[in-house]
Amino acid sequence: MLDKIATIKLANLPTPLEEAPRLANKIGLSKLYFKRDDLTGLAGGGNKARKLEYDFHDILSGGFDVVITAGGIQSNHARMTAAAGRKLGIDVKLVLGGPDFQLLKGNLLLDSIFGAEIRYLVDDDANDQLTVAMEQWADELKIAGHKPYILPIGGSSGLGALGYVKAMQEIAEQIDGGKVQIMLAVGSCGTFAGTILGCKLFLPDARVIGISVSRTSEAIKMRTAEIISESAQLLNYKIDTDKMPIECYDTYFTEYGLMTKECEKAIFECADLEGILLDPVYTGKVMAGLKGLVADNVIDRSIPVLFIHTGGMPIIFSFEDELGRHARYTKIRKAL
Ligand SMILES: Cc1ncc(COP(=O)(O)O)c(C=O)c1O
């Protein structure tokens with residue numbers, strides 16, 4: 001059934017699966033792999049490209065002429081949707097939440113290079129307000145004769161989550177099945193939901209572990225179960241979400257969008273040992289979580305860990321001050 005649901009090609013797939021032996025050794029794991037979904041393309045890569053392949057097929061086949069979506073000020077989803085819209089010739093409008101709209105940095109700079117029209121709210125916590133602002137904008141566009149498509153915050157829906165169901169099929173082919181512990185960041189829950197459902201279908205021996213960047217574990221479990229059942233319905237697949245294991249940890253963030261000390265350390269360690277860039281809002285927190293859960297014996301050191309690198313690299317360029325401290329004070333000297 002999965003192959004029967006149409007997509008439009010936007011991502012460079014399959015993404016590589018790379019072993020990270022030096023970092024594995026440092027953390028104390030037998031094996032660590034990175035699934036390089038930071039290399040999917042769409043102006044810097046990331047997980048959302050897989051979801052957008054489903055969403056934009058829906059948009060094009062439905063005859064919509066403008067897409068409205070929403071996220072935080074440094075939303076990777078917003079940047080990738082803007083890039084996809086340009087590639088396919090569809091206008092994209094963004095509602096973003098958060099302060100600092102005076103300085104165009106990171107993803108916000110990229111959004112504006114793509115010419116996306118942006119409306120902002122100063123309180124970035126208010127998901128309801130973002131949705132109200134999207135609906136209001138859609139009404140205005142309808143009055144002006146357009147057919148707008150509202151893509152939910154973070155692109156998280158049953159349809160978009162199919163991108164990660166398919167990603168698990170891709171991983172199953174790359175690792176040849178077997179036991180594995182899959183780790184990833186959880187924000188609006190679509191990637192997590194797709195990963196859990198995809199493992200049920202293609203990697204039955206996998207354990208999926210989510211690291212929250214914004215919500216409590218309870219809230220994640222509820223939302224993830226909802227998305228899983230929406231996706232399963234699209235696939236005509238009967239499941240009881242009450243019986244699905246949804247394992248996530250909400251102790252590796254303080255507030256959405258802020259970098260923790262452990263996350264900062266993990267970013268430098270991963271760069272130093274593997275030449276891979278993590279970001280301060282999502283993947284750096286997952287690496288901090290991985291280290292913490294190994295130390296607490298929650299993760300089994302003898303079973304391979306597969307870290308889904310969901311991207312986020314442009315966010316580094318909105319953390320120049322925090323991340324730049326290290327380089328400035330330790331490695332940069334006047335030549336003569
Ligand atoms: C880099 C990165 N990783 C992970 C996530 C989390 O994905 P989801 O919102 O589907 O939970 C996001 C979401 O914005 C992201 O940008």
# chains A, B, ... in the order shown; residues from 1 in each chain; ligands from 1

call {"tool": "select_by_dssp", "arguments": {"residues": "region 69-223 of chain A", "states": "helix (DSSP H, G or I)", "output": "PyMOL selection string"}}
result
chain A and resi 76-88+106-113+127-143+153-155+158-175+190-202+217-223

call {"tool": "residues_around", "arguments": {"residues": "Ser229 (chain A)", "least_positions_apart": "6", "cutoff": "10 Å", "atoms": "only C-alpha atoms", "output": "CSV table (one decimal) with all heavy atoms, in the first residue's frame"}}
result
chain,number,residue,atom,x,y,z
A,158,GLY,N,-0.6,12.7,9.3
A,158,GLY,CA,-0.5,11.3,8.9
A,158,GLY,C,0.1,11.1,7.6
A,158,GLY,O,0.9,10.2,7.4
A,193,ALA,N,6.5,9.5,14.8
A,193,ALA,CA,5.4,8.6,14.5
A,193,ALA,C,5.7,7.7,13.3
A,193,ALA,O,5.5,6.5,13.3
A,193,ALA,CB,4.1,9.4,14.2
A,197,LEU,N,6.0,3.6,13.3
A,197,LEU,CA,5.1,2.7,12.4
A,197,LEU,C,6.0,2.0,11.4
A,197,LEU,O,5.8,0.8,11.1
A,197,LEU,CB,4.1,3.6,11.7
A,197,LEU,CG,3.1,2.9,10.8
A,197,LEU,CD1,2.3,1.8,11.6
A,197,LEU,CD2,2.1,3.9,10.2
A,235,LEU,N,-2.7,3.7,5.1
A,235,LEU,CA,-2.1,2.5,4.6
A,235,LEU,C,-3.0,1.3,4.7
A,235,LEU,O,-2.7,0.2,4.3
A,235,LEU,CB,-0.8,2.2,5.3
A,235,LEU,CG,0.4,3.2,5.2
A,235,LEU,CD1,1.5,2.8,6.1
A,235,LEU,CD2,0.8,3.2,3.8
A,237,TYR,N,-3.9,-0.2,7.3
A,237,TYR,CA,-3.2,-1.1,8.2
A,237,TYR,C,-3.8,-1.0,9.6
A,237,TYR,O,-3.9,0.1,10.1
A,237,TYR,CB,-1.7,-0.7,8.2
A,237,TYR,CG,-0.8,-1.6,9.1
A,237,TYR,CD1,-0.6,-2.9,8.7
A,237,TYR,CD2,-0.2,-1.1,10.2
A,237,TYR,CE1,0.2,-3.7,9.5
A,237,TYR,CE2,0.6,-1.8,11.0
A,237,TYR,CZ,0.8,-3.2,10.7
A,237,TYR,OH,1.6,-3.9,11.5
A,238,LYS,N,-4.2,-2.1,10.1
A,238,LYS,CA,-5.0,-2.0,11.4
A,238,LYS,C,-3.9,-2.2,12.5
A,238,LYS,O,-3.2,-3.2,12.6
A,238,LYS,CB,-6.0,-3.2,11.5
A,238,LYS,CG,-7.1,-3.1,10.5
A,238,LYS,CD,-8.4,-3.4,11.0
A,238,LYS,CE,-9.6,-3.2,10.1
A,238,LYS,NZ,-9.3,-2.3,9.0
A,239,ILE,N,-3.9,-1.2,13.4
A,239,ILE,CA,-3.1,-1.3,14.6
A,239,ILE,C,-3.8,-0.8,15.8
A,239,ILE,O,-4.7,0.1,15.7
A,239,ILE,CB,-1.7,-0.5,14.5
A,239,ILE,CG1,-2.0,0.9,13.9
A,239,ILE,CG2,-0.7,-1.2,13.7
A,239,ILE,CD1,-0.9,1.8,14.3
A,240,ASP,N,-3.3,-1.2,17.0
A,240,ASP,CA,-3.9,-0.7,18.2
A,240,ASP,C,-2.8,0.1,18.8
A,240,ASP,O,-1.7,-0.4,19.3
A,240,ASP,CB,-4.2,-1.9,19.1
A,240,ASP,CG,-4.8,-1.5,20.4
A,240,ASP,OD1,-4.8,-0.3,20.7
A,240,ASP,OD2,-5.2,-2.4,21.2
A,241,THR,N,-2.9,1.5,18.7
A,241,THR,CA,-1.8,2.4,19.2
A,241,THR,C,-1.6,2.2,20.7
A,241,THR,O,-0.5,2.5,21.1
A,241,THR,CB,-2.1,3.8,18.8
A,241,THR,OG1,-3.4,4.2,19.2
A,241,THR,CG2,-1.9,4.1,17.3

call {"tool": "closest_atom_pairs", "arguments": {"of": "chain A", "to": "ligand 1", "cutoff": "6 Å", "atoms": "only C-alpha atoms and all ligand atoms", "output": "tab-separated table"}}
result
residue	atom	partner	partner_atom_place_in_ligand_line	distance
A:Gly46	CA	ligand 1	1 (C)	5.8
A:Ser75	CA	ligand 1	14 (O)	6.0
A:Asn76	CA	ligand 1	16 (O)	4.5
A:His77	CA	ligand 1	14 (O)	5.5
A:Gly154	CA	ligand 1	9 (O)	4.9
A:Ser156	CA	ligand 1	10 (O)	5.7
A:Ala185	CA	ligand 1	4 (C)	4.7
A:Val186	CA	ligand 1	11 (O)	3.9
A:Gly187	CA	ligand 1	11 (O)	3.5
A:Ser188	CA	ligand 1	9 (O)	3.6
A:Cys189	CA	ligand 1	11 (O)	3.6
A:Gly190	CA	ligand 1	10 (O)	3.9
A:Thr191	CA	ligand 1	10 (O)	3.8
A:Phe192	CA	ligand 1	11 (O)	5.9
A:Tyr282	CA	ligand 1	3 (N)	5.0
A:Thr310	CA	ligand 1	3 (N)	4.4
A:Gly311	CA	ligand 1	1 (C)	4.2
A:Gly312	CA	ligand 1	1 (C)	3.8

call {"tool": "write_last_selection", "arguments": {"atoms": "all heavy atoms", "output": "tab-separated table (two decimals), in the first residue's frame"}}
result
chain	number	residue	atom	x	y	z
A	46	GLY	N	17.64	17.78	5.63
A	46	GLY	CA	16.90	17.55	6.87
A	46	GLY	C	15.72	16.62	6.67
A	46	GLY	O	15.35	16.28	5.53
A	75	SER	N	12.74	27.66	12.08
A	75	SER	CA	12.15	26.40	11.61
A	75	SER	C	12.86	25.87	10.36
A	75	SER	O	12.92	26.55	9.32
A	75	SER	CB	10.67	26.65	11.31
A	75	SER	OG	10.13	25.58	10.57
A	76	ASN	N	13.34	24.64	10.46
A	76	ASN	CA	13.90	23.96	9.28
A	76	ASN	C	12.79	23.60	8.31
A	76	ASN	O	12.97	23.65	7.10
A	76	ASN	CB	14.63	22.69	9.70
A	76	ASN	CG	15.82	22.99	10.58
A	76	ASN	OD1	16.76	23.64	10.14
A	76	ASN	ND2	15.78	22.53	11.82
A	77	HIS	N	11.64	23.23	8.88
A	77	HIS	CA	10.48	22.87	8.06
A	77	HIS	C	10.07	24.05	7.16
A	77	HIS	O	9.80	23.88	5.97
A	77	HIS	CB	9.33	22.46	8.97
A	77	HIS	CG	8.00	22.50	8.32
A	77	HIS	ND1	7.62	21.60	7.36
A	77	HIS	CD2	6.95	23.37	8.46
A	77	HIS	CE1	6.40	21.89	6.94
A	77	HIS	NE2	5.98	22.96	7.60
A	154	GLY	N	5.29	22.27	11.42
A	154	GLY	CA	6.29	21.19	11.36
A	154	GLY	C	5.99	20.16	10.28
A	154	GLY	O	6.70	19.17	10.16
A	156	SER	N	3.74	18.06	10.32
A	156	SER	CA	3.40	16.79	10.95
A	156	SER	C	1.93	16.43	10.77
A	156	SER	O	1.05	17.07	11.34
A	156	SER	CB	3.78	16.81	12.43
A	156	SER	OG	5.18	16.68	12.51
A	185	ALA	N	15.31	13.08	17.20
A	185	ALA	CA	14.71	14.22	17.89
A	185	ALA	C	13.21	14.23	17.66
A	185	ALA	O	12.73	13.88	16.58
A	185	ALA	CB	15.30	15.52	17.33
A	186	VAL	N	12.48	14.67	18.69
A	186	VAL	CA	11.02	14.76	18.58
A	186	VAL	C	10.56	16.19	18.84
A	186	VAL	O	10.83	16.75	19.91
A	186	VAL	CB	10.31	13.82	19.58
A	186	VAL	CG1	8.81	13.79	19.31
A	186	VAL	CG2	10.88	12.41	19.51
A	187	GLY	N	9.90	16.78	17.83
A	187	GLY	CA	9.34	18.12	17.98
A	187	GLY	C	7.83	18.03	17.82
A	187	GLY	O	7.09	17.80	18.77
A	188	SER	N	7.38	18.14	16.56
A	188	SER	CA	5.93	18.08	16.32
A	188	SER	C	5.45	16.63	16.13
A	188	SER	O	4.28	16.41	15.82
A	188	SER	CB	5.55	18.95	15.12
A	188	SER	OG	6.31	18.60	13.99
A	189	CYS	N	6.33	15.68	16.31
A	189	CYS	CA	6.03	14.23	16.44
A	189	CYS	C	5.83	13.44	15.14
A	189	CYS	O	5.70	12.21	15.20
A	189	CYS	CB	4.81	13.97	17.35
A	189	CYS	SG	4.99	14.66	18.99
A	190	GLY	N	5.80	14.09	13.98
A	190	GLY	CA	5.56	13.35	12.73
A	190	GLY	C	6.68	12.39	12.38
A	190	GLY	O	6.42	11.25	11.96
A	191	THR	N	7.91	12.83	12.55
A	191	THR	CA	9.06	11.98	12.21
A	191	THR	C	9.09	10.75	13.13
A	191	THR	O	9.32	9.63	12.70
A	191	THR	CB	10.36	12.79	12.35
A	191	THR	OG1	10.20	14.01	11.61
A	191	THR	CG2	11.56	12.03	11.82
A	192	PHE	N	8.82	11.01	14.40
A	192	PHE	CA	8.82	9.95	15.42
A	192	PHE	C	7.70	8.94	15.10
A	192	PHE	O	7.92	7.72	15.09
A	192	PHE	CB	8.59	10.62	16.77
A	192	PHE	CG	8.82	9.76	17.99
A	192	PHE	CD1	9.88	8.87	18.06
A	192	PHE	CD2	7.99	9.89	19.10
A	192	PHE	CE1	10.10	8.10	19.21
A	192	PHE	CE2	8.20	9.14	20.25
A	192	PHE	CZ	9.25	8.24	20.30
A	282	TYR	N	18.04	20.58	17.85
A	282	TYR	CA	17.51	19.21	17.67
A	282	TYR	C	18.59	18.15	17.88
A	282	TYR	O	18.63	17.48	18.91
A	282	TYR	CB	16.88	19.06	16.27
A	282	TYR	CG	15.71	19.99	16.03
A	282	TYR	CD1	15.89	21.22	15.41
A	282	TYR	CD2	14.43	19.63	16.42
A	282	TYR	CE1	14.82	22.08	15.20
A	282	TYR	CE2	13.35	20.48	16.21
A	282	TYR	CZ	13.55	21.70	15.59
A	282	TYR	OH	12.49	22.54	15.40
A	310	THR	N	18.72	14.33	11.59
A	310	THR	CA	17.58	14.97	10.93
A	310	THR	C	17.90	16.37	10.38
A	310	THR	O	17.00	17.06	9.91
A	310	THR	CB	16.40	15.05	11.91
A	310	THR	OG1	16.89	15.54	13.17
A	310	THR	CG2	15.77	13.69	12.13
A	311	GLY	N	19.17	16.77	10.45
A	311	GLY	CA	19.55	18.05	9.81
A	311	GLY	C	19.61	19.21	10.79
A	311	GLY	O	19.98	19.03	11.94
A	312	GLY	N	19.23	20.39	10.31
A	312	GLY	CA	19.20	21.57	11.18
A	312	GLY	C	20.45	22.42	11.11
A	312	GLY	O	20.59	23.38	11.89

call {"tool": "closest_residue", "arguments": {"among": "A:Ala70, A:Arg79, A:Asp111, A:Gly106", "to": "Leu94 (chain A)", "atoms": "only C-alpha atoms"}}
result
A:Ala70

call {"tool": "closest_residue", "arguments": {"among": "A:Val95, A:Leu104, A:Leu159, A:Leu323", "to": "Thr260 (chain A)", "atoms": "only C-alpha atoms"}}
result
A:Leu323

call {"tool": "select_by_dssp", "arguments": {"residues": "region 38-214 of chain A", "states": "strand (DSSP E)", "output": "PyMOL selection string"}}
result
chain A and resi 66-72+91-97+117-121+148-151+180-186+206-212

call {"tool": "closest_residue", "arguments": {"among": "A:Ala126, A:Ile276, A:Leu42, A:Val180", "to": "Leu306 (chain A)", "atoms": "only C-alpha atoms"}}
result
A:Val180

call {"tool": "residues_around", "arguments": {"residues": "Ile113 (chain A)", "least_positions_apart": "5", "cutoff": "10 Å", "atoms": "only C-alpha atoms", "output": "list in words"}}
result
Arg79, Ala82, Ala83, Asn107 and Leu108 of chain A

call {"tool": "write_last_selection", "arguments": {"atoms": "all heavy atoms", "output": "compact mmCIF listing (two decimals), in the first residue's frame"}}
result
# COMPACT_ATOMS: atom_id res chain seq x y z
N ARG A 79 11.96 26.61 6.15
CA ARG A 79 13.00 26.82 5.11
C ARG A 79 12.89 25.79 3.98
O ARG A 79 12.97 26.12 2.80
CB ARG A 79 14.38 26.77 5.78
CG ARG A 79 15.56 26.86 4.83
CD ARG A 79 16.30 25.52 4.70
NE ARG A 79 16.64 24.95 5.99
CZ ARG A 79 17.06 23.70 6.14
NH1 ARG A 79 17.20 22.91 5.11
NH2 ARG A 79 17.32 23.23 7.34
N ALA A 82 9.83 26.42 1.87
CA ALA A 82 10.07 27.56 0.98
C ALA A 82 10.90 27.12 -0.23
O ALA A 82 10.61 27.48 -1.37
CB ALA A 82 10.76 28.69 1.74
N ALA A 83 11.93 26.30 0.02
CA ALA A 83 12.79 25.83 -1.07
C ALA A 83 12.00 24.92 -2.02
O ALA A 83 12.10 25.05 -3.24
CB ALA A 83 13.99 25.07 -0.49
N ASN A 107 18.16 29.93 9.38
CA ASN A 107 17.03 29.59 8.51
C ASN A 107 16.22 30.81 8.08
O ASN A 107 15.70 30.85 6.97
CB ASN A 107 16.11 28.59 9.23
CG ASN A 107 16.62 27.17 9.15
OD1 ASN A 107 17.04 26.71 8.09
ND2 ASN A 107 16.60 26.45 10.27
N LEU A 108 16.11 31.80 8.97
CA LEU A 108 15.33 32.99 8.63
C LEU A 108 15.95 33.72 7.44
O LEU A 108 15.24 34.20 6.55
CB LEU A 108 15.23 33.91 9.86
CG LEU A 108 14.31 35.11 9.74
CD1 LEU A 108 12.87 34.69 9.47
CD2 LEU A 108 14.37 35.97 11.01

call {"tool": "residues_around", "arguments": {"residues": "Asp91 (chain A)", "least_positions_apart": "2", "cutoff": "8 Å", "atoms": "only C-alpha atoms", "output": "list in words"}}
result
Asp65, Val66, Val67, Ala82, Gly85, Arg86, Gly89, Lys93 and Ala116 of chain A

call {"tool": "closest_residue", "arguments": {"among": "A:Asp139, A:Asp205, A:Asp3, A:Glu274", "to": "Ile303 (chain A)", "atoms": "only C-alpha atoms"}}
result
A:Asp205
